[in-house]
$ cat target-v5.cif   # mmCIF, C-alpha atoms
data_query
loop_
_atom_site.label_atom_id
_atom_site.label_comp_id
_atom_site.auth_asym_id
_atom_site.auth_seq_id
_atom_site.Cartn_x
_atom_site.Cartn_y
_atom_site.Cartn_z
CA MET A 161 110.87 126.35 96.01
CA ALA A 162 109.21 123.78 98.32
CA ILE A 163 108.45 121.53 95.34
CA HIS A 164 112.02 121.96 94.07
CA ILE A 165 113.46 120.93 97.46
CA LYS A 166 111.18 117.91 97.64
CA ALA A 167 112.11 116.94 94.09
CA LEU A 168 115.82 117.07 94.94
CA ARG A 169 115.22 114.86 97.95
CA ARG A 170 113.37 112.35 95.81
CA ILE A 171 116.31 112.33 93.39
CA ALA A 172 118.71 111.79 96.29
CA ILE A 173 116.75 108.73 97.38
CA GLY A 174 117.31 107.42 93.83
CA LEU A 175 116.94 103.88 92.68
CA GLY A 176 117.40 102.59 96.22
CA LEU A 177 113.80 103.43 97.16
CA LEU A 178 112.50 99.91 96.63
CA ALA A 179 115.09 98.62 99.07
CA ILE A 180 114.11 101.33 101.55
CA LEU A 181 110.44 100.39 101.24
CA ALA A 182 111.29 96.79 102.02
CA LEU A 183 113.40 97.91 104.96
CA ILE A 184 110.64 100.04 106.49
CA THR A 185 108.32 97.02 106.51
CA SER A 186 110.88 94.90 108.30
CA CYS A 187 111.65 97.76 110.70
CA ALA A 188 108.00 98.13 111.64
CA VAL A 189 107.84 94.44 112.48
CA SER A 190 110.99 94.54 114.57
CA VAL A 191 109.94 97.72 116.35
CA SER A 192 106.57 96.22 117.27
CA SER A 193 108.31 93.54 119.30
CA SER A 194 109.76 96.07 121.74
CA THR A 195 107.69 98.66 123.57
CA ALA A 196 110.83 100.27 124.94
CA LEU A 197 112.14 100.86 121.42
CA VAL A 198 108.96 102.33 120.05
CA ASP A 199 108.29 104.78 122.86
CA PRO A 200 110.68 105.42 125.73
CA PRO A 201 108.37 104.98 128.75
CA ALA A 202 107.57 107.96 130.89
CA THR A 203 107.95 107.66 134.64
CA SER A 204 104.83 106.15 136.17
CA SER A 205 104.21 108.09 139.36
CA PRO A 206 105.83 111.53 139.85
CA PRO A 207 103.68 114.53 140.77
CA SER A 208 105.06 116.31 137.74
CA PRO A 209 106.59 114.89 134.55
CA PRO A 210 110.39 114.64 134.28
CA ILE A 211 112.36 116.48 131.66
CA LEU A 212 114.12 113.88 129.55
CA THR A 213 117.26 115.14 127.88
CA GLU A 214 118.82 113.69 124.79
CA THR A 215 121.44 114.39 122.19
CA PRO A 216 120.40 113.98 118.54
CA ILE A 217 122.10 110.89 117.11
CA LEU A 218 121.60 111.75 113.49
CA PRO A 219 122.05 115.20 111.92
CA THR A 220 118.85 116.86 110.78
CA ALA A 221 118.35 119.15 107.83
CA THR A 222 116.46 121.82 109.73
CA SER A 223 116.01 123.01 113.27
CA LEU A 224 112.77 123.85 115.02
CA PRO A 225 111.87 126.63 117.42
CA SER A 226 112.87 126.27 121.05
CA PRO A 227 109.69 125.93 123.13
CA THR A 228 109.21 127.15 126.65
CA GLN A 229 109.49 124.60 129.45
CA THR A 230 105.71 124.16 129.31
CA PRO A 231 103.54 124.89 126.27
CA SER A 232 102.78 128.60 126.02
CA ARG A 233 99.87 130.27 124.29
CA THR A 234 102.13 133.14 123.28
CA PRO A 235 105.17 131.42 121.74
CA THR A 236 107.74 133.69 120.19
CA GLN A 237 109.86 131.00 118.63
CA THR A 238 110.37 130.86 114.89
CA PRO A 239 111.82 127.90 112.99
CA THR A 240 115.34 128.43 111.71
CA GLN A 241 114.22 127.21 108.32
CA THR A 242 110.71 128.63 108.08
CA PRO A 243 108.21 126.16 106.62
CA THR A 244 106.45 127.32 103.50
CA ARG A 245 103.29 129.13 104.54
CA VAL A 246 100.45 129.72 102.12
CA THR A 247 98.61 132.72 103.49
CA SER A 248 95.68 134.33 101.75
CA THR A 249 96.15 138.04 101.14
CA ALA A 250 92.48 138.46 100.29
CA THR A 251 89.36 137.57 102.23
CA PRO A 252 89.69 133.88 103.17
CA THR A 253 87.71 131.59 100.93
CA HIS A 254 86.01 128.36 101.89
CA THR A 255 86.99 125.49 99.62
CA PRO A 256 84.50 122.62 99.29
CA LEU A 257 86.51 119.43 99.67
CA SER A 258 84.39 117.67 97.08
CA SER A 259 86.05 119.88 94.47
CA VAL A 260 89.51 118.62 95.46
CA THR A 261 90.80 115.51 93.69
CA PHE A 262 93.04 113.25 95.77
CA THR A 263 94.94 110.68 93.75
CA PRO A 264 97.66 108.90 95.76
CA THR A 265 100.93 109.20 93.85
CA SER A 266 103.58 106.58 93.27
CA LEU A 267 106.57 106.66 95.61
CA ALA A 268 108.93 105.66 92.81
CA PRO A 269 111.69 108.29 92.44
CA THR A 270 112.52 110.02 89.22
CA SER A 271 115.89 109.56 87.59
CA THR A 272 115.94 112.96 85.92
CA THR A 273 118.23 115.67 87.25
CA SER A 274 115.74 118.47 86.63
CA PRO A 275 113.01 119.43 89.14
CA VAL A 276 109.91 117.27 88.91
CA GLU A 277 106.63 119.08 88.29
CA ARG A 278 104.02 117.15 90.24
CA PRO A 279 100.39 117.21 89.12
CA ASN A 280 98.39 119.76 91.10
CA PRO A 281 95.97 117.75 93.27
CA ILE A 282 93.59 120.73 93.37
CA PRO A 283 91.66 121.32 90.10
CA PRO A 284 89.76 124.56 89.44
CA LEU A 285 87.21 125.08 92.19
CA GLY A 286 83.47 125.03 91.71
CA ASP A 287 81.24 128.08 91.43
CA ALA A 288 80.38 128.27 95.12
CA ALA A 289 81.71 126.98 98.39
CA CYS A 290 79.74 124.39 100.29
CA ALA A 291 77.58 125.86 103.04
CA CYS A 292 77.22 122.45 104.68
CA ASP A 293 77.15 122.02 108.44
CA ILE A 294 79.75 119.84 110.16
CA GLU A 295 78.17 116.43 110.75
CA HIS A 296 81.33 114.36 111.25
CA VAL A 297 84.84 114.92 112.59
CA VAL A 298 87.73 112.68 111.54
CA LEU A 299 90.77 113.23 113.74
CA ILE A 300 94.03 111.70 112.48
CA SER A 301 97.16 111.50 114.62
CA ILE A 302 100.34 110.75 112.67
CA ASP A 303 102.53 109.44 115.48
CA GLY A 304 105.96 111.08 115.60
CA LEU A 305 105.44 113.55 112.74
CA ARG A 306 107.56 116.70 112.81
CA PRO A 307 106.26 119.67 110.80
CA ASP A 308 109.53 120.09 108.94
CA ALA A 309 109.11 116.57 107.55
CA LEU A 310 106.16 117.88 105.55
CA GLU A 311 108.51 120.33 103.84
CA GLN A 312 110.95 117.60 102.77
CA ALA A 313 108.90 114.46 102.16
CA ASP A 314 106.77 113.92 99.07
CA THR A 315 103.29 114.71 100.44
CA PRO A 316 100.91 115.77 97.64
CA VAL A 317 97.78 114.91 99.63
CA LEU A 318 98.76 116.82 102.75
CA ASP A 319 100.01 119.67 100.56
CA ALA A 320 96.57 119.84 98.96
CA LEU A 321 94.81 119.72 102.31
CA ARG A 322 97.01 122.52 103.63
CA ALA A 323 96.10 124.61 100.61
CA ALA A 324 92.40 123.88 101.17
CA GLY A 325 92.42 124.48 104.92
CA ALA A 326 94.10 126.13 107.90
CA TYR A 327 97.50 125.04 109.18
CA SER A 328 99.95 125.65 112.00
CA PRO A 329 103.54 124.34 111.85
CA VAL A 330 104.27 125.33 115.46
CA ALA A 331 101.63 123.60 117.61
CA GLN A 332 103.00 122.28 120.90
CA ALA A 333 102.93 118.92 122.64
CA VAL A 334 102.93 118.45 126.42
CA LEU A 335 105.65 116.99 128.60
CA PRO A 336 106.81 114.29 128.61
CA THR A 337 106.68 114.07 124.82
CA VAL A 338 105.62 110.44 124.53
CA THR A 339 102.69 108.78 122.83
CA LEU A 340 100.28 107.88 125.61
CA VAL A 341 100.70 111.09 127.61
CA ASN A 342 100.12 113.34 124.61
CA HIS A 343 97.21 111.36 123.23
CA ALA A 344 95.61 111.60 126.67
CA SER A 345 95.86 115.37 126.33
CA MET A 346 94.80 115.38 122.68
CA LEU A 347 91.66 113.34 123.37
CA GLY A 348 91.14 114.35 127.00
CA GLY A 349 91.45 118.14 126.72
CA MET A 350 93.67 118.36 129.80
CA SER A 351 97.27 118.64 130.89
CA PRO A 352 98.96 115.53 132.35
CA GLU A 353 98.52 116.92 135.86
CA LYS A 354 94.75 116.59 135.38
CA HIS A 355 94.31 113.58 133.11
CA GLY A 356 96.67 111.51 135.26
CA ILE A 357 98.50 109.59 132.52
CA TYR A 358 102.26 109.61 133.11
CA TRP A 359 103.08 106.11 131.93
CA ASN A 360 103.71 105.08 128.33
CA VAL A 361 103.08 101.33 128.35
CA ASP A 362 100.10 99.05 127.89
CA ASP A 363 99.34 97.94 131.45
CA PRO A 364 95.65 97.52 132.39
CA ALA A 365 96.59 97.54 136.07
CA LEU A 366 97.48 101.22 135.78
CA GLY A 367 93.89 102.16 135.03
CA LYS A 368 92.30 104.70 132.72
CA VAL A 369 92.62 108.37 131.90
CA ASN A 370 90.75 110.79 134.15
CA GLY A 371 87.68 112.01 132.35
CA PRO A 372 85.73 113.49 130.88
CA THR A 373 87.26 112.85 127.46
CA LEU A 374 86.25 114.00 124.01
CA PHE A 375 84.57 110.64 123.47
CA SER A 376 82.65 110.55 126.75
CA VAL A 377 81.25 114.05 126.17
CA ALA A 378 80.35 113.29 122.55
CA HIS A 379 78.79 109.94 123.41
CA GLU A 380 76.70 111.40 126.22
CA ALA A 381 75.40 113.94 123.71
CA GLY A 382 74.19 111.10 121.49
CA LEU A 383 77.01 111.11 118.94
CA SER A 384 78.51 107.88 117.59
CA THR A 385 82.22 107.37 118.28
CA ALA A 386 85.00 105.09 117.05
CA MET A 387 88.76 104.70 117.49
CA VAL A 388 91.13 102.76 115.20
CA VAL A 389 94.67 102.69 116.55
CA GLY A 390 98.11 101.25 115.86
CA LYS A 391 99.29 100.88 119.48
CA PRO A 392 97.39 98.86 122.09
CA LYS A 393 98.29 101.17 124.98
CA LEU A 394 95.84 103.74 123.65
CA GLU A 395 93.07 101.65 125.23
CA HIS A 396 94.00 103.43 128.47
CA LEU A 397 92.14 106.41 126.98
CA VAL A 398 88.84 104.54 126.46
CA LEU A 399 86.47 105.18 129.34
CA PRO A 400 83.58 102.72 129.81
CA GLY A 401 80.65 103.50 127.55
CA SER A 402 82.43 106.27 125.65
CA VAL A 403 83.50 104.56 122.42
CA ASP A 404 81.09 102.55 120.27
CA ARG A 405 83.90 100.78 118.43
CA TYR A 406 87.54 100.49 119.50
CA ASP A 407 89.95 98.62 117.20
CA TYR A 408 93.59 97.94 117.86
CA ALA A 409 94.36 97.09 114.26
CA GLY A 410 98.05 96.18 114.37
CA PHE A 411 101.33 98.02 114.31
CA THR A 412 101.31 99.43 110.76
CA ASP A 413 99.41 102.18 108.97
CA ARG A 414 98.07 99.71 106.40
CA GLN A 415 96.59 97.51 109.13
CA VAL A 416 94.96 100.57 110.66
CA PHE A 417 93.41 101.61 107.36
CA ASN A 418 92.17 98.08 106.70
CA HIS A 419 90.12 98.44 109.88
CA VAL A 420 89.05 101.96 108.93
CA TRP A 421 87.55 100.57 105.71
CA GLU A 422 85.58 98.09 107.84
CA VAL A 423 84.28 100.95 109.98
CA LEU A 424 83.20 102.91 106.92
CA GLN A 425 81.22 99.95 105.59
CA THR A 426 78.71 100.51 108.38
CA GLY A 427 78.72 104.30 107.98
CA LEU A 428 81.05 107.09 109.11
CA PRO A 429 80.78 107.66 112.88
CA ASP A 430 80.12 111.19 114.09
CA VAL A 431 83.58 111.21 115.69
CA LEU A 432 86.30 108.96 114.26
CA PHE A 433 89.86 108.91 115.65
CA ILE A 434 92.61 107.30 113.56
CA HIS A 435 96.12 106.69 114.95
CA LEU A 436 98.93 105.98 112.45
CA PRO A 437 102.18 104.49 113.86
CA ASP A 438 104.52 104.10 110.86
CA VAL A 439 106.29 107.48 110.97
CA ASP A 440 107.17 106.96 114.63
CA SER A 441 108.35 103.40 113.95
CA ALA A 442 110.63 104.61 111.15
CA GLY A 443 112.03 107.34 113.40
CA HIS A 444 112.96 104.86 116.12
CA ALA A 445 114.43 102.44 113.59
CA MET A 446 116.44 104.79 111.35
CA GLY A 447 116.25 108.27 112.87
CA TRP A 448 113.99 111.28 112.71
CA MET A 449 114.23 113.15 109.39
CA SER A 450 116.23 110.27 107.88
CA PRO A 451 115.48 109.30 104.26
CA LEU A 452 113.70 106.21 105.55
CA GLN A 453 111.39 108.20 107.79
CA LEU A 454 110.62 110.65 104.98
CA VAL A 455 109.57 107.69 102.83
CA ALA A 456 107.28 106.59 105.68
CA VAL A 457 105.77 110.10 105.72
CA SER A 458 105.11 109.79 101.97
CA GLN A 459 103.47 106.39 102.41
CA THR A 460 101.22 107.76 105.16
CA ASP A 461 100.31 110.70 102.92
CA SER A 462 99.20 108.28 100.20
CA LEU A 463 97.00 106.34 102.64
CA ILE A 464 95.37 109.55 103.83
CA GLY A 465 94.64 110.26 100.17
CA GLU A 466 92.81 106.93 99.96
CA LEU A 467 90.74 107.90 103.00
CA VAL A 468 89.80 111.30 101.58
CA ALA A 469 88.85 109.66 98.28
CA ALA A 470 86.66 107.16 100.17
CA LEU A 471 84.94 109.93 102.10
CA GLU A 472 84.26 111.74 98.85
CA ALA A 473 82.93 108.60 97.16
CA ASP A 474 80.53 107.99 100.06
CA ASP A 475 79.36 111.64 100.02
CA TYR A 476 80.76 112.46 103.48
CA LEU A 477 83.54 114.84 102.54
CA ASP A 478 81.64 118.13 102.37
CA ARG A 479 80.08 117.44 105.77
CA THR A 480 83.28 116.35 107.53
CA LEU A 481 85.82 118.37 109.50
CA LEU A 482 89.21 116.72 109.07
CA ILE A 483 91.89 117.46 111.69
CA ILE A 484 95.40 116.07 111.20
CA THR A 485 98.07 116.47 113.84
CA SER A 486 100.73 114.54 115.78
CA ASP A 487 101.50 113.59 119.36
CA HIS A 488 105.20 114.52 119.35
CA GLY A 489 108.25 114.90 117.15
CA GLY A 490 111.65 113.37 117.75
CA SER A 491 115.38 113.57 117.10
CA GLY A 492 118.02 110.95 116.65
CA LEU A 493 116.31 107.65 117.44
CA LYS A 494 114.01 108.82 120.23
CA HIS A 495 111.79 111.46 121.80
CA GLY A 496 110.55 112.41 125.25
CA SER A 497 112.38 115.65 126.01
CA ASP A 498 111.50 119.35 126.00
CA SER A 499 113.60 119.96 122.88
CA PRO A 500 111.93 121.83 120.00
CA GLU A 501 112.34 118.76 117.80
CA ASP A 502 110.25 116.76 120.28
CA MET A 503 107.74 119.45 121.30
CA THR A 504 106.73 120.96 117.95
CA VAL A 505 103.96 119.27 115.95
CA PRO A 506 101.85 120.15 112.90
CA TRP A 507 98.14 120.96 113.24
CA LEU A 508 95.84 121.07 110.19
CA ALA A 509 92.09 121.56 109.83
CA VAL A 510 90.06 121.39 106.63
CA GLY A 511 86.34 121.13 106.09
CA PRO A 512 83.06 123.07 105.98
CA GLY A 513 83.59 126.74 106.74
CA VAL A 514 87.34 126.45 107.35
CA PRO A 515 89.21 129.30 105.64
CA ALA A 516 91.35 128.01 102.79
CA GLY A 517 95.11 128.43 102.58
CA ILE A 518 95.74 130.28 105.84
CA THR A 519 98.44 129.91 108.46
CA LEU A 520 96.86 129.85 111.89
CA GLU A 521 97.93 132.55 114.33
CA SER A 522 96.49 130.74 117.34
CA ASN A 523 98.98 129.33 119.85
CA ILE A 524 97.84 125.72 119.75
CA VAL A 525 98.60 123.14 122.44
CA THR A 526 97.65 119.52 121.83
CA TYR A 527 94.82 119.58 124.40
CA ASP A 528 93.11 122.27 122.28
CA THR A 529 92.30 119.55 119.76
CA ALA A 530 89.62 117.93 121.93
CA ALA A 531 88.01 121.30 122.65
CA THR A 532 87.98 122.13 118.94
CA VAL A 533 86.14 118.91 118.10
CA LEU A 534 83.46 119.58 120.73
CA HIS A 535 83.07 123.16 119.49
CA ALA A 536 82.50 121.85 115.97
CA PHE A 537 79.40 120.07 117.31
CA ASP A 538 78.33 123.04 119.47
CA LEU A 539 78.93 120.95 122.58
CA PRO A 540 80.03 122.61 125.84
CA ILE A 541 83.69 122.42 126.88
CA PRO A 542 84.08 120.76 130.31
CA ALA A 543 85.06 123.27 132.98
CA THR A 544 87.97 121.06 134.10
CA TRP A 545 89.63 121.13 130.68
CA ASP A 546 92.66 123.20 129.80
CA GLY A 547 91.89 123.03 126.08
CA GLN A 548 90.37 125.92 124.17
CA PRO A 549 88.82 125.59 120.70
CA VAL A 550 90.86 126.90 117.78
CA LEU A 551 88.22 129.46 116.82
CA GLU A 552 90.14 130.66 113.76
CA ILE A 553 89.08 127.61 111.81
CA PHE A 554 85.43 128.49 112.38
CA GLY A 555 85.91 132.13 111.36
CA GLU A 556 85.32 133.23 114.95
CA ILE A 557 87.24 135.79 116.95
CA PRO A 558 88.71 134.51 120.23
CA PRO A 559 87.46 136.36 123.34
CA ASP A 560 89.83 138.81 124.99
#
$ encode --input "target-v5.cif" --output "structure tokens"
Amino acid sequence: MAIHIKALRRIAIGLGLLAILALITSCAVSVSSSTALVDPPATSSPPSPPILTETPILPTATSLPSPTQTPSRTPTQTPTQTPTRVTSTATPTHTPLSSVTFTPTSLAPTSTTSPVERPNPIPPLGDAACACDIEHVVLISIDGLRPDALEQADTPVLDALRAAGAYSPVAQAVLPTVTLVNHASMLGGMSPEKHGIYWNVDDPALGKVNGPTLFSVAHEAGLSTAMVVGKPKLEHLVLPGSVDRYDYAGFTDRQVFNHVWEVLQTGLPDVLFIHLPDVDSAGHAMGWMSPLQLVAVSQTDSLIGELVAALEADDYLDRTLLIITSDHGGSGLKHGSDSPEDMTVPWLAVGPGVPAGITLESNIVTYDTAATVLHAFDLPIPATWDGQPVLEIFGEIPPD
């Protein structure tokens, strides 16, 4: 049914796709000229973050669960239109990523009126799962991605990764739901009250995130670290001596990946963070869940396929934990509120030892991402952090 719905959406886009692709490029350029347009700034100095209210400007095809005022580890919300969940009914298997073929597909729509049968990106698996240890973590943040967009956009690569790994469609952001605040939690393991980032602009005078961060802990343990980002304000999250290579690549996904290829030429760092801005840019320009934004999601999916293929070609894939998530969602032309559309984000893990094709039961908050990365390397979680590792992906049982 999910494939049928996606096929119908591709048909609806029709022969106008080429025009849409040209428009998204021009939108990204225009959005980059205005920080206020790309991310509504959070207030810079309150003791607690404000709740920003908004009314969706554009209708959306689905609604998301209503979160509590602050992220809860026992959410009871359920999406009105439940995302497709592939849950193993047998003992979870571990799928070696080297046995998964990722071929980025064309974004050209079909003109047929019958459902399109897409090639299965996952061929028959090998005889045995890889027992490799995790030697690298690649963390990808798709800025502004709502989980319901993955059910409507054409995303064969992410579909394949979800089938090969563990996925939650109801992970939660922190308030306010803006880029810099949530990436500070994602990479810093703490709530905004602790990490101290309430602003959402690039202003060196405002200082840096309160540490320790994922990168400072990893670097002190002797691991190599790198960040490639699509928004310059993320430099507020780089503490001195914590990141071996920091690249602000430009304001498009393609520019980011051009720099990622440069990083890979010298070898995959132990911890690599990749920030992709296009989905957020399309949301601000044409609306969240609009046809234009869904095309941007498809383009991002294709680029992630190129990355996975490169990791496989360089023999990194079976030793790499890949985590893909987002900083916030959105509705209408903006984000920043406590609405379910803004608060709910996808969270996906795939790699050595990760059970294949399961829906995670853990109640994930964005600051759990940093703790999960450290746990993958058997590094201690700082006592000041709020984040807890998502133990399900390691086949471990959370403590009572």
$ closest_residue --input "target-v5.cif" --among "A:Pro372, A:Pro437, A:Gly401, A:Gly555" --to "Pro512 in chain A" --atoms "all atoms listed in the file"
A:Gly555
$ closest_atom_pairs --input "target-v5.cif" --of "range 286-403 of chain A" --to "range 460-478 of chain A" --cutoff "10 Å" --atoms "all atoms listed in the file" --output "CSV"
residue,atom,partner,partner_atom,distance
A:Ala289,CA,A:Asp478,CA,9.7
A:Cys290,CA,A:Asp478,CA,6.9
A:Ala291,CA,A:Asp478,CA,8.8
A:Cys292,CA,A:Asp478,CA,6.6
A:Asp293,CA,A:Asp478,CA,8.5
A:Ile294,CA,A:Asp478,CA,8.2
A:Glu295,CA,A:Tyr476,CA,8.7
A:His296,CA,A:Tyr476,CA,8.0
A:Ile300,CA,A:Ile464,CA,9.0
A:Ile302,CA,A:Thr460,CA,8.1
A:Leu310,CA,A:Asp461,CA,9.6
A:Ala313,CA,A:Asp461,CA,9.4
A:Asp314,CA,A:Asp461,CA,8.2
A:Thr315,CA,A:Asp461,CA,5.6
A:Pro316,CA,A:Asp461,CA,7.3
A:Val317,CA,A:Gly465,CA,5.6
A:Leu318,CA,A:Asp461,CA,6.3
A:Asp319,CA,A:Asp461,CA,9.3
A:Ala320,CA,A:Gly465,CA,9.8
A:Leu321,CA,A:Gly465,CA,9.7
$ resolve_selection --input "target-v5.cif" --expression "the PyMOL selection byres ((chain A and resi 351-356) around 8)" --output "list in words"
Pro207, Ser208, Pro209, Val334, Leu335, Val341, Ala344, Ser345, Gly348, Gly349, Met350, Ile357, Tyr358, Val369, Asn370, Gly371, Tyr527 and Asp546 of chain A
$ write_last_selection --input "target-v5.cif" --atoms "C-alpha atoms" --output "compact mmCIF listing (two decimals), in the coordinates of the input"
# COMPACT_ATOMS: atom_id res chain seq x y z
CA PRO A 207 103.68 114.53 140.77
CA SER A 208 105.06 116.31 137.74
CA PRO A 209 106.59 114.89 134.55
CA VAL A 334 102.93 118.45 126.42
CA LEU A 335 105.65 116.99 128.60
CA VAL A 341 100.70 111.09 127.61
CA ALA A 344 95.61 111.60 126.67
CA SER A 345 95.86 115.37 126.33
CA GLY A 348 91.14 114.35 127.00
CA GLY A 349 91.45 118.14 126.72
CA MET A 350 93.67 118.36 129.80
CA ILE A 357 98.50 109.59 132.52
CA TYR A 358 102.26 109.61 133.11
CA VAL A 369 92.62 108.37 131.90
CA ASN A 370 90.75 110.79 134.15
CA GLY A 371 87.68 112.01 132.35
CA TYR A 527 94.82 119.58 124.40
CA ASP A 546 92.66 123.20 129.80
$ resolve_selection --input "target-v5.cif" --expression "the PyMOL selection byres ((chain A and resi 501) around 6)" --output "PyMOL selection string"
chain A and resi 224+489-490+499-500+502-503
$ closest_residue --input "target-v5.cif" --among "A:Gly492, A:Pro515, A:Gly367, A:Pro307" --to "Ser328 in chain A" --atoms "all atoms listed in the file"
A:Pro307
$ atom_distance --input "target-v5.cif" --atom1 "CA of Leu432 in chain A" --atom2 "CA of Asp407 in chain A"
11.4 Å
$ atom_distance --input "target-v5.cif" --atom1 "CA of Gln415 in chain A" --atom2 "CA of Thr485 in chain A"
19.6 Å
$ residues_around --input "target-v5.cif" --residues "range 451-456 of chain A" --least-positions-apart "4" --cutoff "6 Å" --atoms "only C-alpha atoms" --output "ChimeraX atom specification"
/A:313,439,442-443
$ atom_distance --input "target-v5.cif" --atom1 "CA of Ile518 in chain A" --atom2 "CA of Phe554 in chain A"
12.3 Å
$ closest_residue --input "target-v5.cif" --among "A:Thr339, A:Ser522, A:Asn418, A:Ser441" --to "Pro392 in chain A" --atoms "only C-alpha atoms"
A:Thr339
$ residues_around --input "target-v5.cif" --residues "Arg306 in chain A" --least-positions-apart "3" --cutoff "7 Å" --atoms "all atoms listed in the file" --output "compact mmCIF listing (two decimals) with C-alpha atoms, in the coordinates of the input"
# COMPACT_ATOMS: atom_id res chain seq x y z
CA ALA A 309 109.11 116.57 107.55
CA GLY A 489 108.25 114.90 117.15
CA THR A 504 106.73 120.96 117.95
CA VAL A 505 103.96 119.27 115.95
CA PRO A 506 101.85 120.15 112.90
$ axis_aligned_box --input "target-v5.cif" --around "range 338-345 of chain A" --padding-each-side "4 Å" --output "AutoDock Vina command-line options"
--center_x 100.6 --center_y 111.6 --center_z 125.2 --size_x 18.0 --size_y 15.5 --size_z 12.8
$ residues_near_point --input "target-v5.cif" --point "(104.8, 110.0, 118.2)" --cutoff "7 Å" --atoms "all atoms listed in the file" --output "list in words"
Asp303, Gly304, Leu305, Val338, Thr339, Asp440, Ser486, Asp487, His488 and Gly489 of chain A
$ resolve_selection --input "target-v5.cif" --expression "the PyMOL selection byres ((chain A and resi 414) around 10)" --output "PDB file with C-alpha atoms, in the frame of the given file"
ATOM      1  CA  GLY A 390      98.110 101.250 115.860  1.00  0.00           C
ATOM      2  CA  ALA A 409      94.360  97.090 114.260  1.00  0.00           C
ATOM      3  CA  GLY A 410      98.050  96.180 114.370  1.00  0.00           C
ATOM      4  CA  PHE A 411     101.330  98.020 114.310  1.00  0.00           C
ATOM      5  CA  THR A 412     101.310  99.430 110.760  1.00  0.00           C
ATOM      6  CA  ASP A 413      99.410 102.180 108.970  1.00  0.00           C
ATOM      7  CA  GLN A 415      96.590  97.510 109.130  1.00  0.00           C
ATOM      8  CA  VAL A 416      94.960 100.570 110.660  1.00  0.00           C
ATOM      9  CA  PHE A 417      93.410 101.610 107.360  1.00  0.00           C
ATOM     10  CA  ASN A 418      92.170  98.080 106.700  1.00  0.00           C
ATOM     11  CA  HIS A 419      90.120  98.440 109.880  1.00  0.00           C
ATOM     12  CA  VAL A 420      89.050 101.960 108.930  1.00  0.00           C
ATOM     13  CA  LEU A 436      98.930 105.980 112.450  1.00  0.00           C
ATOM     14  CA  PRO A 437     102.180 104.490 113.860  1.00  0.00           C
ATOM     15  CA  ASP A 438     104.520 104.100 110.860  1.00  0.00           C
ATOM     16  CA  GLN A 459     103.470 106.390 102.410  1.00  0.00           C
ATOM     17  CA  THR A 460     101.220 107.760 105.160  1.00  0.00           C
ATOM     18  CA  LEU A 463      97.000 106.340 102.640  1.00  0.00           C
TER      19      LEU A 463
END
$ closest_residue --input "target-v5.cif" --among "A:Gly447, A:Gly427, A:Gly325, A:Pro559" --to "Val510 in chain A" --atoms "only C-alpha atoms"
A:Gly325
$ closest_residue --input "target-v5.cif" --among "A:Leu493, A:Leu397, A:Val403, A:Leu508" --to "Met346 in chain A" --atoms "all atoms listed in the file"
A:Leu397
$ residues_around --input "target-v5.cif" --residues "Leu299 in chain A" --least-positions-apart "3" --cutoff "7 Å" --atoms "all atoms listed in the file" --output "PyMOL selection string"
chain A and resi 432-434+482-484
